[in-house]
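Visitor: Below is the file coords30.pdb, with PDB, N, CA and C atoms, pLDDT in the B column.
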ATOM      1  N   ASP Y 190      84.755  98.630 137.894  1.00 49.00           N
ATOM      2  CA  ASP Y 190      83.436  99.081 137.482  1.00 49.00           C
ATOM      3  C   ASP Y 190      83.566 100.465 136.840  1.00 49.00           C
ATOM      4  N   PRO Y 191      83.246 100.627 135.575  1.00 57.00           N
ATOM      5  CA  PRO Y 191      83.401 101.921 134.897  1.00 57.00           C
ATOM      6  C   PRO Y 191      82.421 102.979 135.401  1.00 57.00           C
ATOM      7  N   ASN Y 192      81.385 102.574 136.146  1.00 59.00           N
ATOM      8  CA  ASN Y 192      80.414 103.547 136.656  1.00 59.00           C
ATOM      9  C   ASN Y 192      80.840 104.189 137.968  1.00 59.00           C
ATOM     10  N   VAL Y 193      81.896 103.676 138.588  1.00 53.00           N
ATOM     11  CA  VAL Y 193      82.383 104.235 139.846  1.00 53.00           C
ATOM     12  C   VAL Y 193      83.427 105.296 139.524  1.00 53.00           C
ATOM     13  N   PRO Y 194      83.199 106.555 139.973  1.00 54.00           N
ATOM     14  CA  PRO Y 194      84.174 107.606 139.668  1.00 54.00           C
ATOM     15  C   PRO Y 194      85.499 107.372 140.380  1.00 54.00           C
ATOM     16  N   ALA Y 195      86.566 107.819 139.766  1.00 57.00           N
ATOM     17  CA  ALA Y 195      87.894 107.701 140.361  1.00 57.00           C
ATOM     18  C   ALA Y 195      88.009 108.652 141.550  1.00 57.00           C
ATOM     19  N   ASN Y 196      88.921 108.345 142.491  1.00 54.00           N
ATOM     20  CA  ASN Y 196      89.172 109.251 143.611  1.00 54.00           C
ATOM     21  C   ASN Y 196      89.750 110.553 143.089  1.00 54.00           C
ATOM     22  N   THR Y 197      89.217 111.666 143.570  1.00 56.00           N
ATOM     23  CA  THR Y 197      89.728 112.975 143.181  1.00 56.00           C
ATOM     24  C   THR Y 197      89.789 113.868 144.405  1.00 56.00           C
ATOM     25  N   ASP Y 198      90.698 114.840 144.398  1.00 56.00           N
ATOM     26  CA  ASP Y 198      90.753 115.829 145.466  1.00 56.00           C
ATOM     27  C   ASP Y 198      89.492 116.669 145.422  1.00 56.00           C
ATOM     28  N   VAL Y 199      88.914 116.918 146.590  1.00 55.00           N
ATOM     29  CA  VAL Y 199      87.731 117.762 146.678  1.00 55.00           C
ATOM     30  C   VAL Y 199      88.142 119.221 146.590  1.00 55.00           C
ATOM     31  N   THR Y 200      89.309 119.532 147.130  1.00 59.00           N
ATOM     32  CA  THR Y 200      89.807 120.893 147.110  1.00 59.00           C
ATOM     33  C   THR Y 200      91.325 120.866 147.030  1.00 59.00           C
ATOM     34  N   GLY Y 201      91.891 121.884 146.461  1.00 62.00           N
ATOM     35  CA  GLY Y 201      93.333 122.036 146.431  1.00 62.00           C
ATOM     36  C   GLY Y 201      93.824 122.932 147.546  1.00 62.00           C
ATOM     37  N   ASP Y 202      92.920 123.388 148.409  1.00 64.00           N
ATOM     38  CA  ASP Y 202      93.251 124.294 149.511  1.00 64.00           C
ATOM     39  C   ASP Y 202      94.053 123.521 150.551  1.00 64.00           C
ATOM     40  N   SER Y 203      95.322 123.883 150.743  1.00 61.00           N
ATOM     41  CA  SER Y 203      96.189 123.151 151.667  1.00 61.00           C
ATOM     42  C   SER Y 203      95.758 123.312 153.118  1.00 61.00           C
ATOM     43  N   SER Y 204      94.890 124.277 153.417  1.00 59.00           N
ATOM     44  CA  SER Y 204      94.441 124.464 154.791  1.00 59.00           C
ATOM     45  C   SER Y 204      93.258 123.564 155.134  1.00 59.00           C
ATOM     46  N   VAL Y 205      92.767 122.795 154.168  1.00 55.00           N
ATOM     47  CA  VAL Y 205      91.618 121.923 154.392  1.00 55.00           C
ATOM     48  C   VAL Y 205      92.100 120.483 154.495  1.00 55.00           C
ATOM     49  N   GLN Y 206      91.666 119.794 155.539  1.00 52.00           N
ATOM     50  CA  GLN Y 206      91.999 118.391 155.722  1.00 52.00           C
ATOM     51  C   GLN Y 206      91.524 117.607 154.503  1.00 52.00           C
ATOM     52  N   GLN Y 207      92.367 116.741 153.975  1.00 56.00           N
ATOM     53  CA  GLN Y 207      92.028 116.009 152.758  1.00 56.00           C
ATOM     54  C   GLN Y 207      91.383 114.653 153.012  1.00 56.00           C
ATOM     55  N   MET Y 208      91.149 114.272 154.260  1.00 63.00           N
ATOM     56  CA  MET Y 208      90.502 112.996 154.548  1.00 63.00           C
ATOM     57  C   MET Y 208      89.201 113.269 155.301  1.00 63.00           C
ATOM     58  N   PRO Y 209      88.167 113.699 154.600  1.00 69.00           N
ATOM     59  CA  PRO Y 209      86.910 114.039 155.257  1.00 69.00           C
ATOM     60  C   PRO Y 209      86.094 112.801 155.628  1.00 69.00           C
ATOM     61  N   SER Y 210      85.126 113.025 156.501  1.00 83.00           N
ATOM     62  CA  SER Y 210      84.106 112.007 156.745  1.00 83.00           C
ATOM     63  C   SER Y 210      83.064 112.174 155.656  1.00 83.00           C
ATOM     64  N   VAL Y 211      82.677 111.087 155.024  1.00 88.00           N
ATOM     65  CA  VAL Y 211      81.743 111.152 153.906  1.00 88.00           C
ATOM     66  C   VAL Y 211      80.542 110.262 154.193  1.00 88.00           C
ATOM     67  N   ALA Y 212      79.355 110.780 153.898  1.00 88.00           N
ATOM     68  CA  ALA Y 212      78.125 110.002 154.038  1.00 88.00           C
ATOM     69  C   ALA Y 212      77.340 110.105 152.738  1.00 88.00           C
ATOM     70  N   VAL Y 213      76.790 108.982 152.309  1.00 91.00           N
ATOM     71  CA  VAL Y 213      75.961 108.931 151.108  1.00 91.00           C
ATOM     72  C   VAL Y 213      74.565 108.479 151.534  1.00 91.00           C
ATOM     73  N   ASP Y 214      73.564 109.197 151.066  1.00 91.00           N
ATOM     74  CA  ASP Y 214      72.172 108.854 151.357  1.00 91.00           C
ATOM     75  C   ASP Y 214      71.870 107.481 150.756  1.00 91.00           C
ATOM     76  N   PRO Y 215      71.468 106.498 151.572  1.00 91.00           N
ATOM     77  CA  PRO Y 215      71.220 105.157 151.023  1.00 91.00           C
ATOM     78  C   PRO Y 215      70.032 105.099 150.062  1.00 91.00           C
ATOM     79  N   LEU Y 216      69.170 106.112 150.102  1.00 94.00           N
ATOM     80  CA  LEU Y 216      68.022 106.133 149.190  1.00 94.00           C
ATOM     81  C   LEU Y 216      68.267 106.995 147.955  1.00 94.00           C
ATOM     82  N   ASN Y 217      69.375 107.751 147.959  1.00 94.00           N
ATOM     83  CA  ASN Y 217      69.699 108.630 146.835  1.00 94.00           C
ATOM     84  C   ASN Y 217      71.215 108.770 146.750  1.00 94.00           C
ATOM     85  N   ALA Y 218      71.844 107.950 145.929  1.00 91.00           N
ATOM     86  CA  ALA Y 218      73.311 107.935 145.839  1.00 91.00           C
ATOM     87  C   ALA Y 218      73.892 109.254 145.351  1.00 91.00           C
ATOM     88  N   ASN Y 219      73.088 110.125 144.778  1.00 94.00           N
ATOM     89  CA  ASN Y 219      73.585 111.428 144.331  1.00 94.00           C
ATOM     90  C   ASN Y 219      73.693 112.434 145.466  1.00 94.00           C
ATOM     91  N   HIS Y 220      73.108 112.139 146.636  1.00 95.00           N
ATOM     92  CA  HIS Y 220      73.153 113.046 147.777  1.00 95.00           C
ATOM     93  C   HIS Y 220      74.317 112.633 148.680  1.00 95.00           C
ATOM     94  N   VAL Y 221      75.390 113.437 148.659  1.00 93.00           N
ATOM     95  CA  VAL Y 221      76.619 113.144 149.391  1.00 93.00           C
ATOM     96  C   VAL Y 221      76.916 114.305 150.332  1.00 93.00           C
ATOM     97  N   VAL Y 222      77.306 113.981 151.556  1.00 92.00           N
ATOM     98  CA  VAL Y 222      77.659 115.002 152.544  1.00 92.00           C
ATOM     99  C   VAL Y 222      79.042 114.683 153.088  1.00 92.00           C
ATOM    100  N   MET Y 223      79.901 115.704 153.182  1.00 89.00           N
ATOM    101  CA  MET Y 223      81.240 115.560 153.752  1.00 89.00           C
ATOM    102  C   MET Y 223      81.405 116.529 154.905  1.00 89.00           C
ATOM    103  N   ALA Y 224      82.122 116.087 155.927  1.00 88.00           N
ATOM    104  CA  ALA Y 224      82.489 116.959 157.040  1.00 88.00           C
ATOM    105  C   ALA Y 224      83.994 116.822 157.266  1.00 88.00           C
ATOM    106  N   TYR Y 225      84.642 117.927 157.614  1.00 83.00           N
ATOM    107  CA  TYR Y 225      86.099 117.929 157.753  1.00 83.00           C
ATOM    108  C   TYR Y 225      86.516 119.105 158.623  1.00 83.00           C
ATOM    109  N   MET Y 226      87.741 119.038 159.147  1.00 78.00           N
ATOM    110  CA  MET Y 226      88.301 120.168 159.889  1.00 78.00           C
ATOM    111  C   MET Y 226      88.712 121.220 158.866  1.00 78.00           C
ATOM    112  N   ASP Y 227      88.219 122.427 159.031  1.00 79.00           N
ATOM    113  CA  ASP Y 227      88.536 123.520 158.111  1.00 79.00           C
ATOM    114  C   ASP Y 227      89.526 124.460 158.789  1.00 79.00           C
ATOM    115  N   TYR Y 228      90.798 124.297 158.450  1.00 72.00           N
ATOM    116  CA  TYR Y 228      91.843 125.127 159.046  1.00 72.00           C
ATOM    117  C   TYR Y 228      91.942 126.486 158.370  1.00 72.00           C
ATOM    118  N   GLY Y 229      91.093 126.736 157.399  1.00 73.00           N
ATOM    119  CA  GLY Y 229      91.076 128.027 156.713  1.00 73.00           C
ATOM    120  C   GLY Y 229      90.376 129.101 157.529  1.00 73.00           C
ATOM    121  N   ILE Y 230      89.645 128.713 158.574  1.00 71.00           N
ATOM    122  CA  ILE Y 230      88.977 129.703 159.427  1.00 71.00           C
ATOM    123  C   ILE Y 230      89.468 129.520 160.856  1.00 71.00           C
ATOM    124  N   LEU Y 231      90.549 130.137 161.182  1.00 67.00           N
ATOM    125  CA  LEU Y 231      91.138 130.006 162.507  1.00 67.00           C
ATOM    126  C   LEU Y 231      90.647 131.131 163.414  1.00 67.00           C
ATOM    127  N   ASN Y 232      89.381 131.089 163.780  1.00 60.00           N
ATOM    128  CA  ASN Y 232      88.845 132.060 164.735  1.00 60.00           C
ATOM    129  C   ASN Y 232      89.301 131.670 166.131  1.00 60.00           C
ATOM    130  N   ASN Y 233      89.752 132.628 166.901  1.00 59.00           N
ATOM    131  CA  ASN Y 233      90.215 132.380 168.267  1.00 59.00           C
ATOM    132  C   ASN Y 233      91.325 131.341 168.318  1.00 59.00           C
ATOM    133  N   GLY Y 234      92.046 131.144 167.221  1.00 61.00           N
ATOM    134  CA  GLY Y 234      93.121 130.167 167.189  1.00 61.00           C
ATOM    135  C   GLY Y 234      92.673 128.738 166.971  1.00 61.00           C
ATOM    136  N   TYR Y 235      91.377 128.523 166.707  1.00 65.00           N
ATOM    137  CA  TYR Y 235      90.851 127.179 166.518  1.00 65.00           C
ATOM    138  C   TYR Y 235      90.265 127.040 165.126  1.00 65.00           C
ATOM    139  N   ALA Y 236      90.357 125.836 164.590  1.00 72.00           N
ATOM    140  CA  ALA Y 236      89.798 125.573 163.263  1.00 72.00           C
ATOM    141  C   ALA Y 236      88.281 125.514 163.347  1.00 72.00           C
ATOM    142  N   GLY Y 237      87.672 125.300 162.206  1.00 79.00           N
ATOM    143  CA  GLY Y 237      86.225 125.161 162.164  1.00 79.00           C
ATOM    144  C   GLY Y 237      85.837 123.810 161.591  1.00 79.00           C
ATOM    145  N   ILE Y 238      84.555 123.566 161.559  1.00 83.00           N
ATOM    146  CA  ILE Y 238      84.023 122.364 160.932  1.00 83.00           C
ATOM    147  C   ILE Y 238      83.489 122.780 159.563  1.00 83.00           C
ATOM    148  N   GLY Y 239      84.011 122.172 158.540  1.00 86.00           N
ATOM    149  CA  GLY Y 239      83.539 122.431 157.182  1.00 86.00           C
ATOM    150  C   GLY Y 239      82.566 121.344 156.767  1.00 86.00           C
ATOM    151  N   VAL Y 240      81.558 121.739 156.030  1.00 89.00           N
ATOM    152  CA  VAL Y 240      80.576 120.786 155.514  1.00 89.00           C
ATOM    153  C   VAL Y 240      80.357 121.101 154.039  1.00 89.00           C
ATOM    154  N   GLN Y 241      80.383 120.067 153.226  1.00 92.00           N
ATOM    155  CA  GLN Y 241      80.073 120.221 151.807  1.00 92.00           C
ATOM    156  C   GLN Y 241      78.968 119.239 151.446  1.00 92.00           C
ATOM    157  N   VAL Y 242      78.018 119.712 150.640  1.00 94.00           N
ATOM    158  CA  VAL Y 242      76.877 118.892 150.231  1.00 94.00           C
ATOM    159  C   VAL Y 242      76.800 118.885 148.711  1.00 94.00           C
ATOM    160  N   SER Y 243      76.596 117.691 148.166  1.00 95.00           N
ATOM    161  CA  SER Y 243      76.395 117.545 146.724  1.00 95.00           C
ATOM    162  C   SER Y 243      75.086 116.809 146.498  1.00 95.00           C
ATOM    163  N   ASN Y 244      74.323 117.285 145.546  1.00 96.00           N
ATOM    164  CA  ASN Y 244      73.092 116.607 145.158  1.00 96.00           C
ATOM    165  C   ASN Y 244      73.184 115.997 143.772  1.00 96.00           C
ATOM    166  N   ASP Y 245      74.421 115.996 143.220  1.00 95.00           N
ATOM    167  CA  ASP Y 245      74.608 115.427 141.882  1.00 95.00           C
ATOM    168  C   ASP Y 245      75.794 114.451 141.853  1.00 95.00           C
ATOM    169  N   GLY Y 246      75.931 113.696 142.933  1.00 92.00           N
ATOM    170  CA  GLY Y 246      76.958 112.665 142.983  1.00 92.00           C
ATOM    171  C   GLY Y 246      78.373 113.185 143.050  1.00 92.00           C
ATOM    172  N   GLY Y 247      78.563 114.415 143.491  1.00 90.00           N
ATOM    173  CA  GLY Y 247      79.898 114.983 143.642  1.00 90.00           C
ATOM    174  C   GLY Y 247      80.351 115.855 142.486  1.00 90.00           C
ATOM    175  N   ALA Y 248      79.504 116.076 141.495  1.00 93.00           N
ATOM    176  CA  ALA Y 248      79.890 116.940 140.369  1.00 93.00           C
ATOM    177  C   ALA Y 248      80.018 118.398 140.829  1.00 93.00           C
ATOM    178  N   THR Y 249      79.129 118.838 141.707  1.00 94.00           N
ATOM    179  CA  THR Y 249      79.203 120.193 142.264  1.00 94.00           C
ATOM    180  C   THR Y 249      78.938 120.109 143.764  1.00 94.00           C
ATOM    181  N   TRP Y 250      79.482 121.084 144.508  1.00 92.00           N
ATOM    182  CA  TRP Y 250      79.382 121.088 145.965  1.00 92.00           C
ATOM    183  C   TRP Y 250      78.958 122.461 146.470  1.00 92.00           C
ATOM    184  N   THR Y 251      78.160 122.460 147.531  1.00 93.00           N
ATOM    185  CA  THR Y 251      77.845 123.672 148.272  1.00 93.00           C
ATOM    186  C   THR Y 251      78.610 123.568 149.581  1.00 93.00           C
ATOM    187  N   ARG Y 252      79.397 124.599 149.898  1.00 90.00           N
ATOM    188  CA  ARG Y 252      80.295 124.543 151.046  1.00 90.00           C
ATOM    189  C   ARG Y 252      79.890 125.561 152.098  1.00 90.00           C
ATOM    190  N   SER Y 253      79.990 125.156 153.356  1.00 89.00           N
ATOM    191  CA  SER Y 253      79.824 126.084 154.470  1.00 89.00           C
ATOM    192  C   SER Y 253      80.759 125.647 155.587  1.00 89.00           C
ATOM    193  N   SER Y 254      81.104 126.574 156.460  1.00 84.00           N
ATOM    194  CA  SER Y 254      81.981 126.280 157.586  1.00 84.00           C
ATOM    195  C   SER Y 254      81.451 126.971 158.829  1.00 84.00           C
ATOM    196  N   VAL Y 255      81.685 126.328 159.953  1.00 81.00           N
ATOM    197  CA  VAL Y 255      81.276 126.864 161.236  1.00 81.00           C
ATOM    198  C   VAL Y 255      82.507 126.915 162.128  1.00 81.00           C
ATOM    199  N   PRO Y 256      82.838 128.094 162.686  1.00 79.00           N
ATOM    200  CA  PRO Y 256      83.999 128.156 163.579  1.00 79.00           C
ATOM    201  C   PRO Y 256      83.733 127.384 164.878  1.00 79.00           C
ATOM    202  N   LEU Y 257      84.772 126.782 165.415  1.00 74.00           N
ATOM    203  CA  LEU Y 257      84.661 126.093 166.702  1.00 74.00           C
ATOM    204  C   LEU Y 257      84.858 127.112 167.821  1.00 74.00           C
ATOM    205  N   PRO Y 258      84.251 126.882 168.968  1.00 72.00           N
ATOM    206  CA  PRO Y 258      84.382 127.828 170.076  1.00 72.00           C
ATOM    207  C   PRO Y 258      85.793 127.816 170.674  1.00 72.00           C
ATOM    208  N   ALA Y 259      86.179 128.920 171.266  1.00 70.00           N
ATOM    209  CA  ALA Y 259      87.479 128.993 171.951  1.00 70.00           C
ATOM    210  C   ALA Y 259      87.547 127.894 172.996  1.00 70.00           C
ATOM    211  N   GLY Y 260      88.691 127.247 173.090  1.00 67.00           N
ATOM    212  CA  GLY Y 260      88.875 126.192 174.074  1.00 67.00           C
ATOM    213  C   GLY Y 260      88.485 124.814 173.584  1.00 67.00           C
ATOM    214  N   PHE Y 261      88.015 124.715 172.323  1.00 63.00           N
ATOM    215  CA  PHE Y 261      87.645 123.414 171.769  1.00 63.00           C
ATOM    216  C   PHE Y 261      88.887 122.553 171.619  1.00 63.00           C
ATOM    217  N   ASP Y 262      88.823 121.325 172.068  1.00 57.00           N
ATOM    218  CA  ASP Y 262      89.952 120.405 171.984  1.00 57.00           C
ATOM    219  C   ASP Y 262      89.768 119.502 170.777  1.00 57.00           C
ATOM    220  N   GLN Y 263      90.625 119.686 169.749  1.00 50.00           N
ATOM    221  CA  GLN Y 263      90.516 118.876 168.545  1.00 50.00           C
ATOM    222  C   GLN Y 263      90.921 117.458 168.835  1.00 50.00           C
TER
END
Here is the file; what I need is its structure written in the form of structure tokens.

Guide:
Amino acid sequence: DPNVPANTDVTGDSSVQQMPSVAVDPLNANHVVMAYMDYGILNNGYAGIGVQVSNDGGATWTRSSVPLPAGFDQ
């Protein structure tokens, strides 16, 4: 199907897990949300949870990360 975009890396950052959980809004295919372990923020020796949101089918992303609490078991 020529309308389905090819698989592409979301980030080239080697500290970010490359196999995120992805959810697509069933009522709006342009609204995509990804969650992944973000090893780029090692607060207290633990990674964080990264979240990226796209409202244009993955053309652009807004990224945020939340550090995990000390003692969190991945």

Visitor: For this file, the PyMOL selection byres ((chain Y and resi 222) around 8) selects which residues, as JSON, numbers by chain?

Guide: {"Y": [209, 210, 211, 212, 213, 214, 219, 220, 221, 223, 224, 225, 240, 241, 242, 243, 244]}

Visitor: Take the PyMOL selection byres ((chain Y and resi 251-256) around 6.5), apply it to the structure above, and return the hits as a PyMOL selection string.

Guide: chain Y and resi 230+232+236-243+249-250+257-258

Visitor: Keeping N, CA and C atoms for every residue in the selection just given, could you write it to a file as a compact mmCIF listing (two decimals), in the frame of the given file?

Guide:
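Below is the file that was written, selection-v9.txt:
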# COMPACT_ATOMS: atom_id res chain seq x y z
N ILE Y 230 89.64 128.71 158.57
CA ILE Y 230 88.98 129.70 159.43
C ILE Y 230 89.47 129.52 160.86
N ASN Y 232 89.38 131.09 163.78
CA ASN Y 232 88.84 132.06 164.74
C ASN Y 232 89.30 131.67 166.13
N ALA Y 236 90.36 125.84 164.59
CA ALA Y 236 89.80 125.57 163.26
C ALA Y 236 88.28 125.51 163.35
N GLY Y 237 87.67 125.30 162.21
CA GLY Y 237 86.22 125.16 162.16
C GLY Y 237 85.84 123.81 161.59
N ILE Y 238 84.56 123.57 161.56
CA ILE Y 238 84.02 122.36 160.93
C ILE Y 238 83.49 122.78 159.56
N GLY Y 239 84.01 122.17 158.54
CA GLY Y 239 83.54 122.43 157.18
C GLY Y 239 82.57 121.34 156.77
N VAL Y 240 81.56 121.74 156.03
CA VAL Y 240 80.58 120.79 155.51
C VAL Y 240 80.36 121.10 154.04
N GLN Y 241 80.38 120.07 153.23
CA GLN Y 241 80.07 120.22 151.81
C GLN Y 241 78.97 119.24 151.45
N VAL Y 242 78.02 119.71 150.64
CA VAL Y 242 76.88 118.89 150.23
C VAL Y 242 76.80 118.88 148.71
N SER Y 243 76.60 117.69 148.17
CA SER Y 243 76.40 117.54 146.72
C SER Y 243 75.09 116.81 146.50
N THR Y 249 79.13 118.84 141.71
CA THR Y 249 79.20 120.19 142.26
C THR Y 249 78.94 120.11 143.76
N TRP Y 250 79.48 121.08 144.51
CA TRP Y 250 79.38 121.09 145.96
C TRP Y 250 78.96 122.46 146.47
N LEU Y 257 84.77 126.78 165.42
CA LEU Y 257 84.66 126.09 166.70
C LEU Y 257 84.86 127.11 167.82
N PRO Y 258 84.25 126.88 168.97
CA PRO Y 258 84.38 127.83 170.08
C PRO Y 258 85.79 127.82 170.67

Visitor: Could you jot down the CA of Gly246 in chain Y to CA of Ala218 in chain Y separation for me, Å, one decimal place?

Guide: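 That distance, rounded to one decimal, is 6.6 Å.
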
Visitor: Report, in Å with one decimal, the straight-line distance from CA of Asn217 in chain Y to atom N of Gly247 in chain Y.

Guide: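 So the two atoms, CA of Asn217 in chain Y and atom N of Gly247 in chain Y, lie 11.1 Å apart.
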
Visitor: Using atom N of Asp245 in chain Y and atom N of Pro215 in chain Y as the two end points, give the distance in Å to one decimal.

Guide: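 Atom-to-atom, atom N of Asp245 in chain Y and atom N of Pro215 in chain Y are spaced 13.0 Å apart.
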